[in-house]
Amino acid sequence: MYLRGKDVLGLENMTPEEIKLILETAGPMKDIIRRDIKKVPTLRGKCVVTLFYEPSTRTRSSFELAGKYMGADVVNISTSTSSVVKGESLRDTVLTLQAMGVDIIIVRHPAEGAAQYIARSVKAGVINGGDGTHEHPTQALLDMFTIRQYKGSLAGKKVVIVGDILHSRVARSNIWGLNKFGADVHVVGPGTLLPPDMGKMGVTVHHRMEEALEGADVVNILRIQLERQQKGLFPTSREYARLFGINQQRLSYAKPDVLIMHPGPMNRGLEIAPDVAYDERSAIEEQVTNGVAVRMALLYLLSGGGNIEISN
């Protein structure tokens, strides 16, 4: 089994078999992370470039570590110190990288469709590290990997995604991926932060937290993107925390063994209470570890790896 094509641009058009291949491949990769010496020569001679037009800690660092753990040469390009500030276009930037012989480009860009545009422009493999409010496939893959780790499977699990769905590429990729594996996906948040066509994506939409959280197996709490909240989509941060912030009282509506997740960075006291973030049921730190493993799997598969046995 191999991935189709040279790119990973989103989960909407990825087959369940491809997603399962990635998740199954990430397992052995996680074993490498646990070693004292985290180094294998799998990608020796390969060059990986991270090209981020937006800030990132987890995604960018985990891709860098993923490449280095497998022996690749990794180059990080910050657009604030590159020729982008001189007016160089996105197309010229990636064509320049192609001329240097890079094998894989990981890109984050504020414009929806930027990763697809780059993929059509270069021969190198392209991984979407987040494009506008469209998709963030690697975050969804690591979330799915984490749910499988703690809950055994995705089928039939009630997964509640809480918060700013309107601006969340994480939510969209999670919805596409979870639906392909039979999860029962629910979303909840202020009406102003829920797209009007959300129901068409195969999810159950709620406006009251208690109703959404009833019997939940997993609660995935989205970051309130304060940098995108200049349009007054909710009155105040205090009001949001009061109505939609996840605290212990609200968690009592979910199953006792509910899995708590958050893509980070967290706004403690806003979308998530500090004691919830550090609750024994929280997998937030484990998500970070799993992010490295999943991204190692993607680099491996896009570099020609594959043909591993997939369990039914």
# chains A, B, ... in the order shown; residues from 1 in each chain; ligands from 1
>>> residues_around(residues="A:Asp73", least_positions_apart="3", cutoff="10 Å", atoms="only C-alpha atoms", output="list of chain:residue names")
A:Leu43, A:Arg44, A:Gly45, A:Lys46, A:Cys47, A:Val48, A:Val49, A:Glu64, A:Gly67, A:Lys68, A:Met70, A:Val102
>>> residues_around(residues="A:Gly189", least_positions_apart="5", cutoff="12 Å", atoms="only C-alpha atoms", output="NGL selection string")
:A and (160-168 or 194-195 or 198 or 204-213 or 221-224 or 233-234 or 240-241 or 243-246 or 271)
>>> select_by_dssp(residues="stretch 91-274 of chain A", states="strand (DSSP E)", output="PyMOL selection string")
chain A and resi 104-109+125-131+158-162+184-188+204-206+218-221+259-261
>>> residues_around(residues="A:Ser252", least_positions_apart="5", cutoff="10 Å", atoms="only C-alpha atoms", output="MDAnalysis selection string")
chainID A and resid 210 213:216 247 258
>>> write_last_selection(atoms="N, CA, C and O atoms", output="PDB file, in the first residue's frame")
ATOM      1  N   GLU A 210     -23.838  21.814  27.261  1.00  0.00           N
ATOM      2  CA  GLU A 210     -24.251  20.638  28.005  1.00  0.00           C
ATOM      3  C   GLU A 210     -24.856  19.582  27.079  1.00  0.00           C
ATOM      4  O   GLU A 210     -24.603  18.390  27.214  1.00  0.00           O
ATOM      5  N   LEU A 213     -21.986  17.939  24.993  1.00  0.00           N
ATOM      6  CA  LEU A 213     -21.032  17.123  25.739  1.00  0.00           C
ATOM      7  C   LEU A 213     -21.643  15.857  26.330  1.00  0.00           C
ATOM      8  O   LEU A 213     -20.905  14.977  26.788  1.00  0.00           O
ATOM      9  N   GLU A 214     -22.949  15.743  26.314  1.00  0.00           N
ATOM     10  CA  GLU A 214     -23.611  14.582  26.900  1.00  0.00           C
ATOM     11  C   GLU A 214     -23.089  13.279  26.288  1.00  0.00           C
ATOM     12  O   GLU A 214     -23.204  13.030  25.098  1.00  0.00           O
ATOM     13  N   GLY A 215     -22.445  12.437  27.124  1.00  0.00           N
ATOM     14  CA  GLY A 215     -21.970  11.141  26.669  1.00  0.00           C
ATOM     15  C   GLY A 215     -20.781  11.180  25.726  1.00  0.00           C
ATOM     16  O   GLY A 215     -20.517  10.187  25.024  1.00  0.00           O
ATOM     17  N   ALA A 216     -20.026  12.279  25.723  1.00  0.00           N
ATOM     18  CA  ALA A 216     -18.895  12.396  24.788  1.00  0.00           C
ATOM     19  C   ALA A 216     -17.750  11.469  25.168  1.00  0.00           C
ATOM     20  O   ALA A 216     -17.398  11.324  26.339  1.00  0.00           O
ATOM     21  N   ASN A 247     -14.663  23.533  31.495  1.00  0.00           N
ATOM     22  CA  ASN A 247     -14.226  23.414  32.878  1.00  0.00           C
ATOM     23  C   ASN A 247     -14.682  22.059  33.422  1.00  0.00           C
ATOM     24  O   ASN A 247     -15.327  21.276  32.723  1.00  0.00           O
ATOM     25  N   VAL A 258     -13.614  10.487  29.506  1.00  0.00           N
ATOM     26  CA  VAL A 258     -13.527  11.334  28.321  1.00  0.00           C
ATOM     27  C   VAL A 258     -12.071  11.711  28.041  1.00  0.00           C
ATOM     28  O   VAL A 258     -11.285  11.962  28.958  1.00  0.00           O
TER      29      VAL A 258
END
>>> select_by_dssp(residues="stretch 60-120 of chain A", states="alpha helix (DSSP H)", output="JSON, numbers by chain")
{"A": [60, 61, 62, 63, 64, 65, 66, 67, 68, 69, 90, 91, 92, 93, 94, 95, 96, 97, 98, 99, 114, 115, 116, 117, 118, 119, 120]}
>>> residues_around(residues="A:Tyr150", least_positions_apart="2", cutoff="12 Å", atoms="only C-alpha atoms", output="PDB file with all heavy atoms, in the first residue's frame")
ATOM      1  N   ASP A 143      -4.428  13.888  15.637  1.00  0.00           N
ATOM      2  CA  ASP A 143      -5.585  13.776  16.521  1.00  0.00           C
ATOM      3  C   ASP A 143      -6.227  12.401  16.395  1.00  0.00           C
ATOM      4  O   ASP A 143      -6.587  11.763  17.398  1.00  0.00           O
ATOM      5  CB  ASP A 143      -6.611  14.859  16.190  1.00  0.00           C
ATOM      6  CG  ASP A 143      -6.156  16.262  16.609  1.00  0.00           C
ATOM      7  OD1 ASP A 143      -5.192  16.360  17.388  1.00  0.00           O
ATOM      8  OD2 ASP A 143      -6.753  17.248  16.137  1.00  0.00           O
ATOM      9  N   MET A 144      -6.371  11.918  15.170  1.00  0.00           N
ATOM     10  CA  MET A 144      -6.946  10.594  14.956  1.00  0.00           C
ATOM     11  C   MET A 144      -6.048   9.508  15.541  1.00  0.00           C
ATOM     12  O   MET A 144      -6.523   8.540  16.140  1.00  0.00           O
ATOM     13  CB  MET A 144      -7.170  10.373  13.455  1.00  0.00           C
ATOM     14  CG  MET A 144      -8.218  11.320  12.853  1.00  0.00           C
ATOM     15  SD  MET A 144      -8.223  11.296  11.042  1.00  0.00           S
ATOM     16  CE  MET A 144      -8.912   9.665  10.740  1.00  0.00           C
ATOM     17  N   PHE A 145      -4.753   9.659  15.366  1.00  0.00           N
ATOM     18  CA  PHE A 145      -3.793   8.712  15.934  1.00  0.00           C
ATOM     19  C   PHE A 145      -3.927   8.674  17.455  1.00  0.00           C
ATOM     20  O   PHE A 145      -3.889   7.603  18.074  1.00  0.00           O
ATOM     21  CB  PHE A 145      -2.375   9.126  15.528  1.00  0.00           C
ATOM     22  CG  PHE A 145      -1.287   8.189  15.973  1.00  0.00           C
ATOM     23  CD1 PHE A 145      -0.947   7.079  15.220  1.00  0.00           C
ATOM     24  CD2 PHE A 145      -0.592   8.417  17.157  1.00  0.00           C
ATOM     25  CE1 PHE A 145       0.065   6.210  15.628  1.00  0.00           C
ATOM     26  CE2 PHE A 145       0.413   7.561  17.579  1.00  0.00           C
ATOM     27  CZ  PHE A 145       0.743   6.455  16.816  1.00  0.00           C
ATOM     28  N   THR A 146      -4.104   9.847  18.064  1.00  0.00           N
ATOM     29  CA  THR A 146      -4.237   9.939  19.520  1.00  0.00           C
ATOM     30  C   THR A 146      -5.527   9.284  19.999  1.00  0.00           C
ATOM     31  O   THR A 146      -5.524   8.556  21.006  1.00  0.00           O
ATOM     32  CB  THR A 146      -4.185  11.408  19.963  1.00  0.00           C
ATOM     33  OG1 THR A 146      -2.968  12.009  19.497  1.00  0.00           O
ATOM     34  CG2 THR A 146      -4.256  11.527  21.475  1.00  0.00           C
ATOM     35  N   ILE A 147      -6.621   9.508  19.299  1.00  0.00           N
ATOM     36  CA  ILE A 147      -7.883   8.891  19.695  1.00  0.00           C
ATOM     37  C   ILE A 147      -7.780   7.375  19.601  1.00  0.00           C
ATOM     38  O   ILE A 147      -8.229   6.642  20.488  1.00  0.00           O
ATOM     39  CB  ILE A 147      -9.040   9.414  18.821  1.00  0.00           C
ATOM     40  CG1 ILE A 147      -9.260  10.916  19.057  1.00  0.00           C
ATOM     41  CG2 ILE A 147     -10.341   8.653  19.125  1.00  0.00           C
ATOM     42  CD1 ILE A 147     -10.233  11.560  18.089  1.00  0.00           C
ATOM     43  N   ARG A 148      -7.183   6.881  18.537  1.00  0.00           N
ATOM     44  CA  ARG A 148      -6.996   5.426  18.395  1.00  0.00           C
ATOM     45  C   ARG A 148      -6.136   4.884  19.531  1.00  0.00           C
ATOM     46  O   ARG A 148      -6.371   3.793  20.040  1.00  0.00           O
ATOM     47  CB  ARG A 148      -6.367   5.097  17.044  1.00  0.00           C
ATOM     48  CG  ARG A 148      -7.366   5.139  15.902  1.00  0.00           C
ATOM     49  CD  ARG A 148      -6.770   4.952  14.518  1.00  0.00           C
ATOM     50  NE  ARG A 148      -5.629   4.079  14.411  1.00  0.00           N
ATOM     51  CZ  ARG A 148      -5.516   3.086  13.517  1.00  0.00           C
ATOM     52  NH1 ARG A 148      -6.528   2.811  12.704  1.00  0.00           N
ATOM     53  NH2 ARG A 148      -4.416   2.383  13.424  1.00  0.00           N
ATOM     54  N   GLY A 152      -8.886   2.979  21.141  1.00  0.00           N
ATOM     55  CA  GLY A 152      -8.859   1.735  20.393  1.00  0.00           C
ATOM     56  C   GLY A 152      -9.324   1.842  18.960  1.00  0.00           C
ATOM     57  O   GLY A 152      -8.782   1.193  18.074  1.00  0.00           O
ATOM     58  N   SER A 153     -10.327   2.647  18.727  1.00  0.00           N
ATOM     59  CA  SER A 153     -10.848   2.824  17.363  1.00  0.00           C
ATOM     60  C   SER A 153     -11.563   4.163  17.287  1.00  0.00           C
ATOM     61  O   SER A 153     -11.782   4.839  18.304  1.00  0.00           O
ATOM     62  CB  SER A 153     -11.808   1.699  16.999  1.00  0.00           C
ATOM     63  OG  SER A 153     -13.003   1.812  17.752  1.00  0.00           O
ATOM     64  N   LEU A 154     -11.919   4.535  16.076  1.00  0.00           N
ATOM     65  CA  LEU A 154     -12.654   5.769  15.844  1.00  0.00           C
ATOM     66  C   LEU A 154     -14.149   5.516  15.639  1.00  0.00           C
ATOM     67  O   LEU A 154     -14.982   6.371  15.958  1.00  0.00           O
ATOM     68  CB  LEU A 154     -12.096   6.485  14.608  1.00  0.00           C
ATOM     69  CG  LEU A 154     -10.623   6.902  14.693  1.00  0.00           C
ATOM     70  CD1 LEU A 154     -10.116   7.338  13.322  1.00  0.00           C
ATOM     71  CD2 LEU A 154     -10.441   8.019  15.700  1.00  0.00           C
ATOM     72  N   LYS A 157     -17.327   6.429  18.091  1.00  0.00           N
ATOM     73  CA  LYS A 157     -16.948   7.309  19.195  1.00  0.00           C
ATOM     74  C   LYS A 157     -17.568   8.694  18.990  1.00  0.00           C
ATOM     75  O   LYS A 157     -17.522   9.256  17.893  1.00  0.00           O
ATOM     76  CB  LYS A 157     -15.424   7.444  19.285  1.00  0.00           C
ATOM     77  CG  LYS A 157     -14.712   6.132  19.563  1.00  0.00           C
ATOM     78  CD  LYS A 157     -15.114   5.547  20.908  1.00  0.00           C
ATOM     79  CE  LYS A 157     -14.308   4.297  21.260  1.00  0.00           C
ATOM     80  NZ  LYS A 157     -14.627   3.147  20.380  1.00  0.00           N
ATOM     81  N   ASP A 217     -17.157  10.826  24.164  1.00  0.00           N
ATOM     82  CA  ASP A 217     -15.940  10.032  24.349  1.00  0.00           C
ATOM     83  C   ASP A 217     -14.692  10.889  24.256  1.00  0.00           C
ATOM     84  O   ASP A 217     -13.689  10.626  24.922  1.00  0.00           O
ATOM     85  CB  ASP A 217     -15.852   8.937  23.279  1.00  0.00           C
ATOM     86  CG  ASP A 217     -16.964   7.915  23.390  1.00  0.00           C
ATOM     87  OD1 ASP A 217     -16.942   7.124  24.337  1.00  0.00           O
ATOM     88  OD2 ASP A 217     -17.863   7.932  22.525  1.00  0.00           O
ATOM     89  N   VAL A 218     -14.746  11.898  23.406  1.00  0.00           N
ATOM     90  CA  VAL A 218     -13.596  12.772  23.144  1.00  0.00           C
ATOM     91  C   VAL A 218     -14.091  14.207  23.073  1.00  0.00           C
ATOM     92  O   VAL A 218     -15.124  14.486  22.444  1.00  0.00           O
ATOM     93  CB  VAL A 218     -12.908  12.407  21.813  1.00  0.00           C
ATOM     94  CG1 VAL A 218     -11.707  13.322  21.554  1.00  0.00           C
ATOM     95  CG2 VAL A 218     -12.498  10.945  21.782  1.00  0.00           C
ATOM     96  N   ASP A 257     -14.469   8.707  31.423  1.00  0.00           N
ATOM     97  CA  ASP A 257     -13.127   8.524  30.853  1.00  0.00           C
ATOM     98  C   ASP A 257     -12.930   9.356  29.595  1.00  0.00           C
ATOM     99  O   ASP A 257     -12.138   8.996  28.716  1.00  0.00           O
ATOM    100  CB  ASP A 257     -12.867   7.054  30.547  1.00  0.00           C
ATOM    101  CG  ASP A 257     -13.813   6.496  29.474  1.00  0.00           C
ATOM    102  OD1 ASP A 257     -14.854   7.144  29.198  1.00  0.00           O
ATOM    103  OD2 ASP A 257     -13.512   5.424  28.926  1.00  0.00           O
ATOM    104  N   VAL A 258     -13.614  10.487  29.506  1.00  0.00           N
ATOM    105  CA  VAL A 258     -13.527  11.334  28.321  1.00  0.00           C
ATOM    106  C   VAL A 258     -12.071  11.711  28.041  1.00  0.00           C
ATOM    107  O   VAL A 258     -11.285  11.962  28.958  1.00  0.00           O
ATOM    108  CB  VAL A 258     -14.392  12.601  28.487  1.00  0.00           C
ATOM    109  CG1 VAL A 258     -13.903  13.465  29.647  1.00  0.00           C
ATOM    110  CG2 VAL A 258     -14.431  13.410  27.196  1.00  0.00           C
ATOM    111  N   LEU A 259     -11.713  11.714  26.771  1.00  0.00           N
ATOM    112  CA  LEU A 259     -10.371  12.106  26.345  1.00  0.00           C
ATOM    113  C   LEU A 259     -10.382  13.595  26.031  1.00  0.00           C
ATOM    114  O   LEU A 259     -11.192  14.061  25.227  1.00  0.00           O
ATOM    115  CB  LEU A 259      -9.959  11.304  25.113  1.00  0.00           C
ATOM    116  CG  LEU A 259      -8.553  11.552  24.562  1.00  0.00           C
ATOM    117  CD1 LEU A 259      -7.491  11.114  25.566  1.00  0.00           C
ATOM    118  CD2 LEU A 259      -8.364  10.819  23.232  1.00  0.00           C
ATOM    119  N   ILE A 260      -9.488  14.351  26.655  1.00  0.00           N
ATOM    120  CA  ILE A 260      -9.413  15.803  26.478  1.00  0.00           C
ATOM    121  C   ILE A 260      -8.273  16.126  25.533  1.00  0.00           C
ATOM    122  O   ILE A 260      -7.127  15.717  25.752  1.00  0.00           O
ATOM    123  CB  ILE A 260      -9.188  16.498  27.833  1.00  0.00           C
ATOM    124  CG1 ILE A 260     -10.302  16.139  28.816  1.00  0.00           C
ATOM    125  CG2 ILE A 260      -9.089  18.011  27.649  1.00  0.00           C
ATOM    126  CD1 ILE A 260      -9.955  16.437  30.257  1.00  0.00           C
ATOM    127  N   MET A 261      -8.588  16.881  24.482  1.00  0.00           N
ATOM    128  CA  MET A 261      -7.584  17.218  23.478  1.00  0.00           C
ATOM    129  C   MET A 261      -7.622  18.706  23.158  1.00  0.00           C
ATOM    130  O   MET A 261      -8.633  19.374  23.345  1.00  0.00           O
ATOM    131  CB  MET A 261      -7.824  16.389  22.195  1.00  0.00           C
ATOM    132  CG  MET A 261      -7.772  14.890  22.419  1.00  0.00           C
ATOM    133  SD  MET A 261      -8.265  13.940  20.953  1.00  0.00           S
ATOM    134  CE  MET A 261      -6.959  14.367  19.820  1.00  0.00           C
ATOM    135  N   ARG A 281      -6.988  12.951  32.411  1.00  0.00           N
ATOM    136  CA  ARG A 281      -7.620  12.489  31.177  1.00  0.00           C
ATOM    137  C   ARG A 281      -7.161  13.285  29.955  1.00  0.00           C
ATOM    138  O   ARG A 281      -7.595  13.019  28.834  1.00  0.00           O
ATOM    139  CB  ARG A 281      -9.139  12.550  31.302  1.00  0.00           C
ATOM    140  CG  ARG A 281      -9.717  11.650  32.377  1.00  0.00           C
ATOM    141  CD  ARG A 281     -11.168  11.985  32.679  1.00  0.00           C
ATOM    142  NE  ARG A 281     -11.290  13.301  33.301  1.00  0.00           N
ATOM    143  CZ  ARG A 281     -12.446  13.865  33.661  1.00  0.00           C
ATOM    144  NH1 ARG A 281     -13.589  13.218  33.434  1.00  0.00           N
ATOM    145  NH2 ARG A 281     -12.470  15.061  34.217  1.00  0.00           N
ATOM    146  N   SER A 282      -6.313  14.256  30.169  1.00  0.00           N
ATOM    147  CA  SER A 282      -5.830  15.103  29.076  1.00  0.00           C
ATOM    148  C   SER A 282      -4.721  14.410  28.300  1.00  0.00           C
ATOM    149  O   SER A 282      -3.789  13.844  28.880  1.00  0.00           O
ATOM    150  CB  SER A 282      -5.315  16.433  29.632  1.00  0.00           C
ATOM    151  OG  SER A 282      -4.640  17.165  28.630  1.00  0.00           O
ATOM    152  N   ALA A 283      -4.805  14.467  26.971  1.00  0.00           N
ATOM    153  CA  ALA A 283      -3.771  13.906  26.089  1.00  0.00           C
ATOM    154  C   ALA A 283      -3.056  15.007  25.319  1.00  0.00           C
ATOM    155  O   ALA A 283      -2.461  14.759  24.270  1.00  0.00           O
ATOM    156  CB  ALA A 283      -4.392  12.912  25.121  1.00  0.00           C
ATOM    157  N   GLU A 286       0.590  14.418  24.907  1.00  0.00           N
ATOM    158  CA  GLU A 286       0.765  13.229  24.063  1.00  0.00           C
ATOM    159  C   GLU A 286       0.500  13.558  22.596  1.00  0.00           C
ATOM    160  O   GLU A 286       1.128  12.984  21.695  1.00  0.00           O
ATOM    161  CB  GLU A 286      -0.175  12.121  24.534  1.00  0.00           C
ATOM    162  CG  GLU A 286       0.072  10.767  23.892  1.00  0.00           C
ATOM    163  CD  GLU A 286       1.340  10.091  24.356  1.00  0.00           C
ATOM    164  OE1 GLU A 286       1.981  10.591  25.310  1.00  0.00           O
ATOM    165  OE2 GLU A 286       1.701   9.054  23.775  1.00  0.00           O
ATOM    166  N   GLN A 287      -0.415  14.498  22.340  1.00  0.00           N
ATOM    167  CA  GLN A 287      -0.672  14.927  20.965  1.00  0.00           C
ATOM    168  C   GLN A 287       0.593  15.486  20.328  1.00  0.00           C
ATOM    169  O   GLN A 287       0.840  15.285  19.135  1.00  0.00           O
ATOM    170  CB  GLN A 287      -1.771  16.001  20.931  1.00  0.00           C
ATOM    171  CG  GLN A 287      -3.175  15.495  21.159  1.00  0.00           C
ATOM    172  CD  GLN A 287      -4.164  16.652  21.216  1.00  0.00           C
ATOM    173  OE1 GLN A 287      -4.482  17.151  22.290  1.00  0.00           O
ATOM    174  NE2 GLN A 287      -4.635  17.082  20.065  1.00  0.00           N
TER     175      GLN A 287
END
>>> closest_residue(among="A:Leu51, A:Met29, A:Gly291, A:Leu251", to="A:Ala277", atoms="only C-alpha atoms")
A:Leu251
>>> atom_distance(atom1="atom CA of A:Leu298", atom2="atom CA of A:Met1")
13.6 Å
>>> residues_around(residues="A:Leu178", least_positions_apart="4", cutoff="12 Å", atoms="only C-alpha atoms", output="MDAnalysis selection string")
chainID A and resid 11:12 14:16 19:20 137 140:145 147:148 153:161 170:174 182:186 201:203 218
>>> closest_residue(among="A:Val126, A:Leu95, A:Val292, A:Ala254", to="A:Gly5", atoms="only C-alpha atoms")
A:Val126
>>> residues_around(residues="A:Arg34", least_positions_apart="3", cutoff="12 Å", atoms="only C-alpha atoms", output="list in words")
Gly27, Pro28, Met29, Lys30, Asp31, Ile37, Lys38, Lys39, Tyr69, Thr289, Asn290, Val292 and Ala293 of chain A
>>> write_last_selection(atoms="N, CA and C atoms", output="PDB file, in the first residue's frame")
ATOM      1  N   GLY A  27       2.987   4.369  14.076  1.00  0.00           N
ATOM      2  CA  GLY A  27       3.276   3.559  15.255  1.00  0.00           C
ATOM      3  C   GLY A  27       4.747   3.244  15.418  1.00  0.00           C
ATOM      4  N   PRO A  28       5.375   2.615  14.416  1.00  0.00           N
ATOM      5  CA  PRO A  28       6.818   2.352  14.517  1.00  0.00           C
ATOM      6  C   PRO A  28       7.652   3.624  14.626  1.00  0.00           C
ATOM      7  N   MET A  29       7.179   4.707  14.019  1.00  0.00           N
ATOM      8  CA  MET A  29       7.913   5.969  14.116  1.00  0.00           C
ATOM      9  C   MET A  29       7.936   6.473  15.556  1.00  0.00           C
ATOM     10  N   LYS A  30       6.845   6.272  16.265  1.00  0.00           N
ATOM     11  CA  LYS A  30       6.796   6.703  17.664  1.00  0.00           C
ATOM     12  C   LYS A  30       7.795   5.932  18.510  1.00  0.00           C
ATOM     13  N   ASP A  31       8.047   4.691  18.147  1.00  0.00           N
ATOM     14  CA  ASP A  31       9.044   3.908  18.873  1.00  0.00           C
ATOM     15  C   ASP A  31      10.432   4.537  18.760  1.00  0.00           C
ATOM     16  N   ILE A  37      18.762   7.161  21.543  1.00  0.00           N
ATOM     17  CA  ILE A  37      19.365   7.744  20.338  1.00  0.00           C
ATOM     18  C   ILE A  37      18.302   7.765  19.255  1.00  0.00           C
ATOM     19  N   LYS A  38      17.794   8.954  18.986  1.00  0.00           N
ATOM     20  CA  LYS A  38      16.660   9.109  18.071  1.00  0.00           C
ATOM     21  C   LYS A  38      17.181   9.406  16.664  1.00  0.00           C
ATOM     22  N   LYS A  39      17.744   8.397  16.040  1.00  0.00           N
ATOM     23  CA  LYS A  39      18.333   8.622  14.723  1.00  0.00           C
ATOM     24  C   LYS A  39      18.296   7.342  13.910  1.00  0.00           C
ATOM     25  N   TYR A  69      15.290  13.231  12.765  1.00  0.00           N
ATOM     26  CA  TYR A  69      15.313  11.905  13.387  1.00  0.00           C
ATOM     27  C   TYR A  69      15.536  10.813  12.341  1.00  0.00           C
ATOM     28  N   THR A 289       3.758  14.692  21.026  1.00  0.00           N
ATOM     29  CA  THR A 289       4.611  13.554  20.681  1.00  0.00           C
ATOM     30  C   THR A 289       4.086  12.846  19.437  1.00  0.00           C
ATOM     31  N   ASN A 290       2.782  12.611  19.405  1.00  0.00           N
ATOM     32  CA  ASN A 290       2.185  11.924  18.268  1.00  0.00           C
ATOM     33  C   ASN A 290       2.314  12.730  16.985  1.00  0.00           C
ATOM     34  N   VAL A 292       4.931  14.421  16.049  1.00  0.00           N
ATOM     35  CA  VAL A 292       6.240  14.101  15.468  1.00  0.00           C
ATOM     36  C   VAL A 292       6.175  12.751  14.762  1.00  0.00           C
ATOM     37  N   ALA A 293       5.543  11.779  15.398  1.00  0.00           N
ATOM     38  CA  ALA A 293       5.457  10.429  14.810  1.00  0.00           C
ATOM     39  C   ALA A 293       4.686  10.439  13.495  1.00  0.00           C
TER      40      ALA A 293
END
>>> closest_residue(among="A:Gln149, A:Thr93, A:Thr79, A:Thr42", to="A:Pro55", atoms="only C-alpha atoms")
A:Thr79
